[in-house]
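**Student:** To be precise about what I am sending: the file is called start-v4.pdb and holds PDB, C-alpha atoms and all ligand atoms.
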```
ATOM      1  CA  MET A  10       0.000   0.000   0.000
ATOM      2  CA  ARG A  11       1.452   3.351  -1.062
ATOM      3  CA  HIS A  12      -1.190   5.741   0.331
ATOM      4  CA  LEU A  13      -4.578   5.459   2.065
ATOM      5  CA  LEU A  14      -6.769   8.167   0.572
ATOM      6  CA  THR A  15     -10.251   6.684   0.204
ATOM      7  CA  THR A  16     -12.260   3.526   0.762
ATOM      8  CA  VAL A  17     -13.678   3.727  -2.774
ATOM      9  CA  GLY A  18     -11.802   1.130  -4.781
ATOM     10  CA  LEU A  19     -10.231  -0.566  -1.771
ATOM     11  CA  THR A  20     -10.526  -4.274  -2.567
ATOM     12  CA  HIS A  21     -12.176  -6.829  -0.311
ATOM     13  CA  ASP A  22      -8.854  -8.613   0.206
ATOM     14  CA  ASP A  23      -6.931  -5.434   0.972
ATOM     15  CA  ALA A  24      -9.560  -4.380   3.494
ATOM     16  CA  VAL A  25      -9.543  -7.768   5.237
ATOM     17  CA  ARG A  26      -5.742  -7.689   5.255
ATOM     18  CA  ILE A  27      -5.692  -4.288   6.997
ATOM     19  CA  LEU A  28      -8.205  -5.555   9.573
ATOM     20  CA  ASP A  29      -6.128  -8.684  10.160
ATOM     21  CA  VAL A  30      -2.935  -6.689  10.685
ATOM     22  CA  ALA A  31      -4.932  -4.457  13.058
ATOM     23  CA  GLU A  32      -5.898  -7.614  14.934
ATOM     24  CA  ASP A  33      -2.186  -8.351  15.465
ATOM     25  CA  MET A  34      -1.617  -4.766  16.538
ATOM     26  CA  ALA A  35      -4.438  -4.986  19.107
ATOM     27  CA  GLY A  36      -2.387  -7.642  20.868
ATOM     28  CA  VAL A  37       0.364  -5.066  21.460
ATOM     29  CA  ALA A  38      -2.041  -2.872  23.454
ATOM     30  CA  GLU A  39      -2.519  -5.707  25.920
ATOM     31  CA  ARG A  40       1.185  -6.024  26.677
ATOM     32  CA  GLU A  41       2.844  -4.349  29.602
ATOM     33  CA  ILE A  42       5.165  -2.526  27.224
ATOM     34  CA  LYS A  43       2.888  -1.315  24.435
ATOM     35  CA  LYS A  44       5.578  -0.913  21.841
ATOM     36  CA  LEU A  45       6.978  -2.560  18.713
ATOM     37  CA  PRO A  46      10.232  -1.552  17.009
ATOM     38  CA  ALA A  47       8.711  -1.865  13.498
ATOM     39  CA  LEU A  48       8.970   1.788  12.444
ATOM     40  CA  ARG A  49      12.109   2.804  14.283
ATOM     41  CA  GLY A  50      13.857   5.562  12.365
ATOM     42  CA  LYS A  51      10.732   6.534  10.393
ATOM     43  CA  THR A  52       9.152   9.953  10.735
ATOM     44  CA  VAL A  53       5.382  10.363  10.771
ATOM     45  CA  VAL A  54       3.951  13.882  10.516
ATOM     46  CA  ASN A  55       0.434  14.613  11.748
ATOM     47  CA  LEU A  56      -0.635  17.554   9.603
ATOM     48  CA  PHE A  57      -3.955  18.836  10.912
ATOM     49  CA  PHE A  58      -5.612  21.824   9.237
ATOM     50  CA  GLU A  59      -8.860  21.183  11.126
ATOM     51  CA  ASP A  60      -9.738  20.647  14.788
ATOM     52  CA  SER A  61      -9.464  17.131  16.035
ATOM     53  CA  THR A  62      -8.822  15.423  19.306
ATOM     54  CA  ARG A  63      -9.351  11.713  19.027
ATOM     55  CA  THR A  64      -8.134  11.203  15.474
ATOM     56  CA  ARG A  65      -4.921  13.141  16.035
ATOM     57  CA  ILE A  66      -4.045  11.501  19.342
ATOM     58  CA  SER A  67      -5.030   8.132  17.916
ATOM     59  CA  PHE A  68      -2.553   8.506  15.037
ATOM     60  CA  GLU A  69       0.037   9.804  17.473
ATOM     61  CA  ALA A  70      -0.404   6.812  19.788
ATOM     62  CA  ALA A  71      -0.318   4.455  16.784
ATOM     63  CA  ALA A  72       2.935   5.898  15.425
ATOM     64  CA  LYS A  73       4.562   5.916  18.853
ATOM     65  CA  ARG A  74       3.574   2.310  19.562
ATOM     66  CA  LEU A  75       5.449   1.415  16.382
ATOM     67  CA  SER A  76       8.491   3.434  17.568
ATOM     68  CA  ALA A  77       8.265   6.048  14.813
ATOM     69  CA  ASP A  78       9.246   9.656  15.461
ATOM     70  CA  VAL A  79       6.134  11.827  15.474
ATOM     71  CA  ILE A  80       5.852  15.477  14.538
ATOM     72  CA  ASN A  81       2.527  17.177  15.210
ATOM     73  CA  PHE A  82       1.800  20.106  12.953
ATOM     74  CA  SER A  83      -1.447  21.983  13.472
ATOM     75  CA  ALA A  84      -1.787  24.383  10.611
ATOM     76  CA  LYS A  85      -5.197  25.710  11.553
ATOM     77  CA  GLY A  86      -5.426  29.462  11.358
ATOM     78  CA  SER A  87      -2.753  29.823   8.699
ATOM     79  CA  SER A  88      -3.431  32.933   6.646
ATOM     80  CA  LEU A  89      -1.656  31.680   3.543
ATOM     81  CA  SER A  90      -3.879  30.813   0.624
ATOM     82  CA  LYS A  91      -4.736  27.117   0.735
ATOM     83  CA  GLY A  92      -3.013  25.893  -2.442
ATOM     84  CA  GLU A  93       0.217  27.702  -1.727
ATOM     85  CA  SER A  94       0.189  26.811   1.899
ATOM     86  CA  LEU A  95      -0.245  23.123   1.204
ATOM     87  CA  LYS A  96       2.577  23.132  -1.337
ATOM     88  CA  ASP A  97       4.943  25.073   0.898
ATOM     89  CA  THR A  98       4.116  22.911   3.869
ATOM     90  CA  ALA A  99       4.600  19.739   1.842
ATOM     91  CA  GLN A 100       7.993  20.879   0.637
ATOM     92  CA  THR A 101       9.035  21.740   4.169
ATOM     93  CA  LEU A 102       7.974  18.312   5.417
ATOM     94  CA  SER A 103       9.757  16.688   2.496
ATOM     95  CA  ALA A 104      12.953  18.546   3.351
ATOM     96  CA  MET A 105      12.616  17.275   6.915
ATOM     97  CA  GLY A 106      12.479  13.701   5.645
ATOM     98  CA  ALA A 107       8.896  12.798   6.514
ATOM     99  CA  ASP A 108       8.163   9.174   5.614
ATOM    100  CA  ALA A 109       4.416   9.443   6.144
ATOM    101  CA  VAL A 110       2.052  12.385   6.366
ATOM    102  CA  VAL A 111      -1.284  11.974   8.090
ATOM    103  CA  ILE A 112      -3.394  14.857   6.852
ATOM    104  CA  ARG A 113      -6.737  16.284   7.947
ATOM    105  CA  HIS A 114      -7.963  19.166   5.837
ATOM    106  CA  PRO A 115     -11.248  21.062   5.426
ATOM    107  CA  SER A 116     -11.035  20.762   1.624
ATOM    108  CA  SER A 117     -12.096  17.546  -0.084
ATOM    109  CA  GLY A 118      -9.218  16.241  -2.183
ATOM    110  CA  ALA A 119      -6.332  17.831  -0.258
ATOM    111  CA  PRO A 120      -4.782  14.415   0.632
ATOM    112  CA  HIS A 121      -5.089  13.332  -3.004
ATOM    113  CA  THR A 122      -3.334  16.518  -4.104
ATOM    114  CA  LEU A 123      -0.527  15.850  -1.660
ATOM    115  CA  ALA A 124      -0.192  12.256  -2.868
ATOM    116  CA  THR A 125      -0.108  13.096  -6.570
ATOM    117  CA  SER A 126       1.517  16.527  -6.688
ATOM    118  CA  GLY A 127       5.115  15.389  -6.561
ATOM    119  CA  TRP A 128       5.759  17.943  -3.788
ATOM    120  CA  ILE A 129       6.611  15.174  -1.357
ATOM    121  CA  ASP A 130       7.466  11.500  -1.652
ATOM    122  CA  ALA A 131       5.919  10.367   1.659
ATOM    123  CA  GLY A 132       3.068   7.909   2.156
ATOM    124  CA  ILE A 133      -0.118   9.920   2.610
ATOM    125  CA  VAL A 134      -2.928   8.929   4.973
ATOM    126  CA  ASN A 135      -6.230  10.761   4.719
ATOM    127  CA  ALA A 136      -7.417  11.523   8.263
ATOM    128  CA  GLY A 137     -10.540  13.305   7.016
ATOM    129  CA  ASP A 138     -10.881  15.702   4.080
ATOM    130  CA  GLY A 139     -13.878  18.015   4.108
ATOM    131  CA  MET A 140     -17.097  16.117   3.534
ATOM    132  CA  HIS A 141     -15.301  13.566   1.362
ATOM    133  CA  GLN A 142     -13.527  10.628   3.022
ATOM    134  CA  HIS A 143     -12.209   9.382   6.359
ATOM    135  CA  PRO A 144     -10.917   5.896   5.524
ATOM    136  CA  THR A 145      -9.334   4.958   8.872
ATOM    137  CA  GLN A 146     -12.619   5.764  10.627
ATOM    138  CA  ALA A 147     -14.466   3.325   8.363
ATOM    139  CA  LEU A 148     -11.753   0.708   8.881
ATOM    140  CA  LEU A 149     -12.006   1.046  12.651
ATOM    141  CA  ASP A 150     -15.787   0.806  12.413
ATOM    142  CA  ALA A 151     -15.515  -2.357  10.302
ATOM    143  CA  PHE A 152     -12.962  -3.763  12.750
ATOM    144  CA  THR A 153     -15.284  -3.006  15.679
ATOM    145  CA  ILE A 154     -18.282  -4.683  14.024
ATOM    146  CA  ARG A 155     -16.223  -7.743  13.081
ATOM    147  CA  LYS A 156     -14.808  -8.043  16.588
ATOM    148  CA  ARG A 157     -18.228  -7.814  18.256
ATOM    149  CA  LEU A 158     -19.635 -10.417  15.888
ATOM    150  CA  HIS A 159     -16.777 -12.894  15.754
ATOM    151  CA  GLY A 160     -14.529 -12.135  18.745
ATOM    152  CA  ALA A 161     -11.304 -14.116  18.732
ATOM    153  CA  ALA A 162     -12.370 -15.825  15.491
ATOM    154  CA  SER A 163     -12.435 -12.532  13.544
ATOM    155  CA  ARG A 164      -9.277 -13.017  11.505
ATOM    156  CA  GLY A 165      -9.822 -13.520   7.791
ATOM    157  CA  ARG A 166     -13.526 -12.735   8.008
ATOM    158  CA  ALA A 167     -15.536  -9.989   6.334
ATOM    159  CA  LEU A 168     -19.022  -8.641   7.125
ATOM    160  CA  GLU A 169     -21.215 -10.786   4.848
ATOM    161  CA  GLY A 170     -24.901 -10.108   5.378
ATOM    162  CA  VAL A 171     -24.434  -7.647   8.253
ATOM    163  CA  ARG A 172     -27.178  -5.002   8.067
ATOM    164  CA  VAL A 173     -26.000  -1.508   8.899
ATOM    165  CA  LEU A 174     -28.229   1.536   9.312
ATOM    166  CA  ILE A 175     -26.464   4.910   9.077
ATOM    167  CA  VAL A 176     -28.579   7.663  10.619
ATOM    168  CA  GLY A 177     -28.641  11.446  10.456
ATOM    169  CA  ASP A 178     -26.351  14.079   8.994
ATOM    170  CA  VAL A 179     -25.149  12.107   5.975
ATOM    171  CA  VAL A 180     -24.663  15.095   3.693
ATOM    172  CA  HIS A 181     -21.823  16.569   5.776
ATOM    173  CA  SER A 182     -20.333  13.241   6.770
ATOM    174  CA  ARG A 183     -17.081  11.843   5.424
ATOM    175  CA  VAL A 184     -17.605   9.016   7.930
ATOM    176  CA  ALA A 185     -20.819   7.983   6.146
ATOM    177  CA  ARG A 186     -19.140   8.144   2.726
ATOM    178  CA  SER A 187     -16.168   6.058   3.771
ATOM    179  CA  ASN A 188     -18.359   3.513   5.543
ATOM    180  CA  ALA A 189     -20.878   3.169   2.723
ATOM    181  CA  TRP A 190     -18.153   1.884   0.405
ATOM    182  CA  LEU A 191     -15.988  -0.050   2.811
ATOM    183  CA  LEU A 192     -18.788  -1.901   4.589
ATOM    184  CA  THR A 193     -20.419  -2.782   1.266
ATOM    185  CA  THR A 194     -17.098  -4.035  -0.108
ATOM    186  CA  LEU A 195     -16.884  -6.262   2.960
ATOM    187  CA  GLY A 196     -20.307  -7.735   2.219
ATOM    188  CA  ALA A 197     -22.540  -5.668   4.498
ATOM    189  CA  GLU A 198     -25.853  -4.129   3.428
ATOM    190  CA  VAL A 199     -25.937  -0.408   4.149
ATOM    191  CA  GLU A 200     -29.083   1.694   4.492
ATOM    192  CA  LEU A 201     -29.069   5.448   5.021
ATOM    193  CA  VAL A 202     -31.940   7.031   6.915
ATOM    194  CA  ALA A 203     -32.128  10.794   7.260
ATOM    195  CA  PRO A 204     -34.319  13.788   6.619
ATOM    196  CA  PRO A 205     -34.130  14.709   2.908
ATOM    197  CA  THR A 206     -32.330  17.959   3.798
ATOM    198  CA  LEU A 207     -29.461  15.955   5.310
ATOM    199  CA  LEU A 208     -29.053  13.504   2.443
ATOM    200  CA  PRO A 209     -26.697  14.244  -0.448
ATOM    201  CA  VAL A 210     -28.325  14.522  -3.875
ATOM    202  CA  ASP A 211     -26.114  11.812  -5.382
ATOM    203  CA  THR A 212     -26.987   8.848  -3.145
ATOM    204  CA  HIS A 213     -28.207   6.938  -6.220
ATOM    205  CA  THR A 214     -24.507   6.560  -7.073
ATOM    206  CA  TRP A 215     -23.728   5.107  -3.618
ATOM    207  CA  PRO A 216     -23.913   1.355  -2.955
ATOM    208  CA  VAL A 217     -26.742   1.815  -0.427
ATOM    209  CA  THR A 218     -30.489   2.018   0.016
ATOM    210  CA  VAL A 219     -32.099   5.183   1.336
ATOM    211  CA  SER A 220     -35.164   5.820   3.497
ATOM    212  CA  TYR A 221     -36.703   8.686   5.409
ATOM    213  CA  ASP A 222     -38.343   7.264   8.524
ATOM    214  CA  LEU A 223     -36.138   6.246  11.442
ATOM    215  CA  ASP A 224     -38.788   4.217  13.261
ATOM    216  CA  ALA A 225     -39.632   2.238  10.136
ATOM    217  CA  ALA A 226     -35.926   1.601   9.504
ATOM    218  CA  LEU A 227     -35.394   0.453  13.101
ATOM    219  CA  ALA A 228     -38.354  -1.921  12.761
ATOM    220  CA  GLY A 229     -36.244  -3.744  10.172
ATOM    221  CA  ALA A 230     -34.013  -4.894  13.077
ATOM    222  CA  PRO A 231     -30.583  -3.812  11.773
ATOM    223  CA  ASP A 232     -27.462  -5.405  13.265
ATOM    224  CA  VAL A 233     -25.721  -2.035  13.533
ATOM    225  CA  VAL A 234     -27.171   1.432  14.094
ATOM    226  CA  MET A 235     -24.536   4.040  13.327
ATOM    227  CA  MET A 236     -25.486   7.500  14.563
ATOM    228  CA  LEU A 237     -23.802  10.476  12.897
ATOM    229  CA  ARG A 238     -22.917  13.699  14.634
ATOM    230  CA  ILE A 239     -24.896  16.758  13.586
ATOM    231  CA  GLN A 240     -22.034  18.728  12.001
ATOM    232  CA  ALA A 241     -23.156  22.188  13.061
ATOM    233  CA  GLU A 242     -19.799  23.664  11.995
ATOM    234  CA  ARG A 243     -20.546  22.724   8.386
ATOM    235  CA  MET A 244     -24.095  24.071   8.389
ATOM    236  CA  HIS A 245     -24.469  27.488   6.870
ATOM    237  CA  ALA A 246     -28.227  27.281   6.569
ATOM    238  CA  SER A 247     -30.964  25.634   8.518
ATOM    239  CA  PHE A 248     -31.255  21.943   7.805
ATOM    240  CA  PHE A 249     -33.868  21.204  10.482
ATOM    241  CA  PRO A 250     -36.217  23.378  12.559
ATOM    242  CA  ASN A 251     -34.568  23.068  15.984
ATOM    243  CA  SER A 252     -32.551  20.683  18.136
ATOM    244  CA  ARG A 253     -35.509  19.525  20.190
ATOM    245  CA  GLU A 254     -37.393  18.467  17.108
ATOM    246  CA  TYR A 255     -34.325  16.791  15.605
ATOM    247  CA  ALA A 256     -33.759  14.791  18.794
ATOM    248  CA  ARG A 257     -37.406  13.744  18.859
ATOM    249  CA  ILE A 258     -37.606  12.596  15.245
ATOM    250  CA  TRP A 259     -34.014  11.526  14.552
ATOM    251  CA  GLY A 260     -32.367  10.932  17.914
ATOM    252  CA  LEU A 261     -31.572   7.508  19.328
ATOM    253  CA  ASP A 262     -33.453   8.102  22.565
ATOM    254  CA  GLU A 263     -34.151   5.664  25.375
ATOM    255  CA  GLU A 264     -37.412   4.493  23.906
ATOM    256  CA  ARG A 265     -35.867   3.701  20.499
ATOM    257  CA  LEU A 266     -32.911   2.059  22.219
ATOM    258  CA  ALA A 267     -35.312  -0.293  24.021
ATOM    259  CA  ARG A 268     -36.711  -1.385  20.661
ATOM    260  CA  LEU A 269     -33.335  -2.465  19.235
ATOM    261  CA  ARG A 270     -32.653  -6.149  18.881
ATOM    262  CA  PRO A 271     -30.543  -7.440  21.791
ATOM    263  CA  GLY A 272     -27.046  -8.016  20.479
ATOM    264  CA  SER A 273     -27.289  -5.218  17.932
ATOM    265  CA  MET A 274     -24.689  -2.464  18.064
ATOM    266  CA  VAL A 275     -24.963   1.284  18.569
ATOM    267  CA  MET A 276     -22.027   3.128  16.990
ATOM    268  CA  HIS A 277     -20.949   6.771  16.898
ATOM    269  CA  PRO A 278     -17.643   8.133  15.535
ATOM    270  CA  GLY A 279     -17.436  10.833  18.193
ATOM    271  CA  PRO A 280     -17.479  13.536  19.308
ATOM    272  CA  MET A 281     -21.089  12.952  20.380
ATOM    273  CA  ASN A 282     -23.766  15.567  20.837
ATOM    274  CA  ARG A 283     -25.409  13.835  23.768
ATOM    275  CA  GLY A 284     -29.117  14.589  23.855
ATOM    276  CA  LEU A 285     -29.208  15.513  20.171
ATOM    277  CA  GLU A 286     -28.487  12.591  17.824
ATOM    278  CA  ILE A 287     -27.814  10.162  20.665
ATOM    279  CA  SER A 288     -29.126   9.983  24.229
ATOM    280  CA  ALA A 289     -26.832   9.334  27.173
ATOM    281  CA  ALA A 290     -28.732   6.075  27.717
ATOM    282  CA  ALA A 291     -27.850   4.872  24.210
ATOM    283  CA  ALA A 292     -24.267   6.154  24.316
ATOM    284  CA  ASP A 293     -23.561   4.368  27.583
ATOM    285  CA  SER A 294     -25.607   1.227  26.922
ATOM    286  CA  ALA A 295     -24.179  -2.280  26.662
ATOM    287  CA  GLN A 296     -24.946  -2.103  22.941
ATOM    288  CA  SER A 297     -22.784   0.996  22.511
ATOM    289  CA  THR A 298     -19.397   0.401  20.885
ATOM    290  CA  VAL A 299     -18.221   3.998  21.295
ATOM    291  CA  ARG A 300     -15.303   3.209  23.591
ATOM    292  CA  GLU A 301     -14.295   0.133  21.616
ATOM    293  CA  GLN A 302     -14.236   2.277  18.479
ATOM    294  CA  VAL A 303     -11.695   4.601  20.098
ATOM    295  CA  ALA A 304      -9.495   1.739  21.301
ATOM    296  CA  ASN A 305      -9.729  -0.058  17.954
ATOM    297  CA  GLY A 306      -8.823   3.163  16.174
ATOM    298  CA  VAL A 307      -5.280   2.929  17.489
ATOM    299  CA  SER A 308      -4.888  -0.669  16.245
ATOM    300  CA  VAL A 309      -6.267   0.155  12.793
ATOM    301  CA  ARG A 310      -3.979   3.182  12.470
ATOM    302  CA  MET A 311      -0.996   1.115  13.569
ATOM    303  CA  ALA A 312      -1.870  -1.378  10.822
ATOM    304  CA  THR A 313      -2.190   1.416   8.258
ATOM    305  CA  LEU A 314       1.134   3.036   9.131
ATOM    306  CA  TYR A 315       2.815  -0.357   9.277
ATOM    307  CA  LEU A 316       1.543  -1.402   5.846
ATOM    308  CA  LEU A 317       2.508   1.977   4.394
ATOM    309  CA  LEU A 318       5.983   2.219   5.855
ATOM    310  CA  SER A 319       7.424  -1.205   6.498
ATOM    311  CA  GLY A 320       9.421  -2.951   3.820
ATOM    312  CA  GLU A 321       9.089  -2.125   0.173
ATOM    313  CA  ARG A 322       6.457   0.407  -0.750
ATOM    314  CA  GLU A 323       4.867  -0.684  -3.985
ATOM    315  CA  ASP A 324       2.941   1.690  -6.174
ATOM    316  CA  ALA A 325      -0.797   1.370  -5.736
TER     317      ALA A 325
HETATM  318  C1  LIG A 401     -15.437  12.399  12.649
HETATM  319  C2  LIG A 401     -14.821  13.405  11.711
HETATM  320  O1  LIG A 401     -14.050  14.246  12.122
HETATM  321  O2  LIG A 401     -15.137  13.306  10.543
HETATM  322  N1  LIG A 401     -14.858  12.360  13.907
HETATM  323  C3  LIG A 401     -13.678  11.774  14.136
HETATM  324  O3  LIG A 401     -12.921  11.479  13.251
HETATM  325  N2  LIG A 401     -13.396  11.486  15.414
HETATM  326  C4  LIG A 401     -16.879  12.550  12.746
HETATM  327  C5  LIG A 401     -17.423  13.841  13.249
HETATM  328  O4  LIG A 401     -16.701  14.804  13.464
HETATM  329  O5  LIG A 401     -18.653  13.899  13.391
END
```
As structure tokens, how would this structure be written, given the file I've shared?

**Tutor:**
Amino acid sequence: MRHLLTTVGLTHDDAVRILDVAEDMAGVAEREIKKLPALRGKTVVNLFFEDSTRTRISFEAAAKRLSADVINFSAKGSSLSKGESLKDTAQTLSAMGADAVVIRHPSSGAPHTLATSGWIDAGIVNAGDGMHQHPTQALLDAFTIRKRLHGAASRGRALEGVRVLIVGDVVHSRVARSNAWLLTTLGAEVELVAPPTLLPVDTHTWPVTVSYDLDAALAGAPDVVMMLRIQAERMHASFFPNSREYARIWGLDEERLARLRPGSMVMHPGPMNRGLEISAAAADSAQSTVREQVANGVSVRMATLYLLLSGEREDA
């Protein structure tokens, strides 16, 4: 693997391979000394042009557990024009000998630009670009689902027949986009349910089904209910009347939680708006995988960095 930019076009076998390597990496977290020497001497740069807590520290923990040197670069607030700034930054990082660049950027396509521009020869990992893609989030979600379903027997398996409902602010969500493709590639059936104002206009080109009534969708007894954060920072108009109404019609409240099939999963990528898209009861329920998702994120990112940086890097 040369770069990880998107889940579109990731093959079934590549995806399972990343999850299997992540499974090995998860074992490291259980050791007393949580460290492998695999990436000693490699430099990983976390280049974050957008706010983030868990994704940035997750990549940092992942790189450090593999003994890489980590440089954190938060470029938010830079007054340089975006194109120039990205090029200049890339050339600086290249001069410093970065082997991998983990980039989060408000513009869709920025990681792709970095990977194809020739400004830098590092492996590029997309840690979220605008409303476009967030591939490691989808991989950690897939890993979490697989682990809950198959436990210690997860290795080598995909998600055949698993029914996943993705709920809420799909239009602004790179998490939904990355998951729609990855989970489908792994054999899952993905349904989006959202108010029409929060659905993108091009969902007919996605490998999913779409519906508009949360209670009807929940009656279909999905295996996984993935709640999306209302991305208020990306809303420059009103997409729903008010928070109380959104929570009532689209929130996973206690009453809806009680209707879920026992053994089904409640997922959320974080950060959660408790009381809006997800109630505290649902977030903290036995069905909730929220904390597992965070822990698994480190393993999946270790696997990604390992596959990108160890040994020969072939061209994708
Ligand atoms: C997601 C993101 O930034 O896209 N969060 C994350 O990676 N932890 C989802 C979100 O912000 O809603």

**Student:** Given the file above and the PyMOL selection byres (((chain A and resi 110) around 7) and not hetatm), which residues are selected, and can you give them as a ChimeraX atom specification?

**Tutor:** /A:53-56,107-109,111-112,131-134

**Student:** Could you give me, as a compact mmCIF listing (two decimals) with C-alpha atoms, keeping the file's coordinate frame, the residues within 7 Å of segment 24-31 of chain A, counting all atoms listed in the file and dropping anything in the same chain fewer than 3 positions from it?

**Tutor:**
```txt
# COMPACT_ATOMS: atom_id res chain seq x y z
CA LEU A 19 -10.23 -0.57 -1.77
CA THR A 20 -10.53 -4.27 -2.57
CA HIS A 21 -12.18 -6.83 -0.31
CA MET A 34 -1.62 -4.77 16.54
CA ALA A 35 -4.44 -4.99 19.11
CA PHE A 152 -12.96 -3.76 12.75
CA ARG A 164 -9.28 -13.02 11.50
CA GLY A 165 -9.82 -13.52 7.79
CA ARG A 166 -13.53 -12.74 8.01
CA ALA A 167 -15.54 -9.99 6.33
CA SER A 308 -4.89 -0.67 16.24
CA VAL A 309 -6.27 0.16 12.79
CA MET A 311 -1.00 1.12 13.57
CA ALA A 312 -1.87 -1.38 10.82
CA THR A 313 -2.19 1.42 8.26
```

**Student:** Could you expand the PyMOL selection byres (((not hetatm)) within 10 of (chain A and resi 401)) into the explicit residues it covers here, written as a PyMOL selection string?

**Tutor:** chain A and resi 59-65+67+113+115+136-147+178+181-185+187+236-242+277-282+302-303+306

**Student:** Taking C-alpha atoms for each residue, export the selection above as a PDB file, keeping the file's coordinate frame.

**Tutor:**
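Okay, result.pdb is ready:
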```pdb
ATOM      1  CA  GLU A  59      -8.860  21.183  11.126  1.00  0.00           C
ATOM      2  CA  ASP A  60      -9.738  20.647  14.788  1.00  0.00           C
ATOM      3  CA  SER A  61      -9.464  17.131  16.035  1.00  0.00           C
ATOM      4  CA  THR A  62      -8.822  15.423  19.306  1.00  0.00           C
ATOM      5  CA  ARG A  63      -9.351  11.713  19.027  1.00  0.00           C
ATOM      6  CA  THR A  64      -8.134  11.203  15.474  1.00  0.00           C
ATOM      7  CA  ARG A  65      -4.921  13.141  16.035  1.00  0.00           C
ATOM      8  CA  SER A  67      -5.030   8.132  17.916  1.00  0.00           C
ATOM      9  CA  ARG A 113      -6.737  16.284   7.947  1.00  0.00           C
ATOM     10  CA  PRO A 115     -11.248  21.062   5.426  1.00  0.00           C
ATOM     11  CA  ALA A 136      -7.417  11.523   8.263  1.00  0.00           C
ATOM     12  CA  GLY A 137     -10.540  13.305   7.016  1.00  0.00           C
ATOM     13  CA  ASP A 138     -10.881  15.702   4.080  1.00  0.00           C
ATOM     14  CA  GLY A 139     -13.878  18.015   4.108  1.00  0.00           C
ATOM     15  CA  MET A 140     -17.097  16.117   3.534  1.00  0.00           C
ATOM     16  CA  HIS A 141     -15.301  13.566   1.362  1.00  0.00           C
ATOM     17  CA  GLN A 142     -13.527  10.628   3.022  1.00  0.00           C
ATOM     18  CA  HIS A 143     -12.209   9.382   6.359  1.00  0.00           C
ATOM     19  CA  PRO A 144     -10.917   5.896   5.524  1.00  0.00           C
ATOM     20  CA  THR A 145      -9.334   4.958   8.872  1.00  0.00           C
ATOM     21  CA  GLN A 146     -12.619   5.764  10.627  1.00  0.00           C
ATOM     22  CA  ALA A 147     -14.466   3.325   8.363  1.00  0.00           C
ATOM     23  CA  ASP A 178     -26.351  14.079   8.994  1.00  0.00           C
ATOM     24  CA  HIS A 181     -21.823  16.569   5.776  1.00  0.00           C
ATOM     25  CA  SER A 182     -20.333  13.241   6.770  1.00  0.00           C
ATOM     26  CA  ARG A 183     -17.081  11.843   5.424  1.00  0.00           C
ATOM     27  CA  VAL A 184     -17.605   9.016   7.930  1.00  0.00           C
ATOM     28  CA  ALA A 185     -20.819   7.983   6.146  1.00  0.00           C
ATOM     29  CA  SER A 187     -16.168   6.058   3.771  1.00  0.00           C
ATOM     30  CA  MET A 236     -25.486   7.500  14.563  1.00  0.00           C
ATOM     31  CA  LEU A 237     -23.802  10.476  12.897  1.00  0.00           C
ATOM     32  CA  ARG A 238     -22.917  13.699  14.634  1.00  0.00           C
ATOM     33  CA  ILE A 239     -24.896  16.758  13.586  1.00  0.00           C
ATOM     34  CA  GLN A 240     -22.034  18.728  12.001  1.00  0.00           C
ATOM     35  CA  ALA A 241     -23.156  22.188  13.061  1.00  0.00           C
ATOM     36  CA  GLU A 242     -19.799  23.664  11.995  1.00  0.00           C
ATOM     37  CA  HIS A 277     -20.949   6.771  16.898  1.00  0.00           C
ATOM     38  CA  PRO A 278     -17.643   8.133  15.535  1.00  0.00           C
ATOM     39  CA  GLY A 279     -17.436  10.833  18.193  1.00  0.00           C
ATOM     40  CA  PRO A 280     -17.479  13.536  19.308  1.00  0.00           C
ATOM     41  CA  MET A 281     -21.089  12.952  20.380  1.00  0.00           C
ATOM     42  CA  ASN A 282     -23.766  15.567  20.837  1.00  0.00           C
ATOM     43  CA  GLN A 302     -14.236   2.277  18.479  1.00  0.00           C
ATOM     44  CA  VAL A 303     -11.695   4.601  20.098  1.00  0.00           C
ATOM     45  CA  GLY A 306      -8.823   3.163  16.174  1.00  0.00           C
TER      46      GLY A 306
END
```

**Student:** Pick from A:Ala203, A:Leu318, A:Ile129, A:Val307: nearest to Ala104 of chain A, with all atoms listed in the file counted?

**Tutor:** A:Ile129

**Student:** Kindly give the distance, in Å, that separates atom CA of Leu75 of chain A and atom CA of Met10 of chain A, rounded to a single decimal.

**Tutor:** 17.3 Å

**Student:** Give me the residues near Lys43 of chain A as an mmCIF file with C-alpha atoms, keeping the file's coordinate frame, where near means some atom within 9 Å (using only C-alpha atoms) and where sequence neighbours in that chain fewer than 6 positions away do not count.

**Tutor:**
```cif
data_model
loop_
_atom_site.group_PDB
_atom_site.id
_atom_site.type_symbol
_atom_site.label_atom_id
_atom_site.label_comp_id
_atom_site.auth_asym_id
_atom_site.auth_seq_id
_atom_site.Cartn_x
_atom_site.Cartn_y
_atom_site.Cartn_z
ATOM 1 C CA GLY A 36 -2.387 -7.642 20.868
ATOM 2 C CA VAL A 37 0.364 -5.066 21.460
ATOM 3 C CA ARG A 74 3.574 2.310 19.562
ATOM 4 C CA LEU A 75 5.449 1.415 16.382
#
```
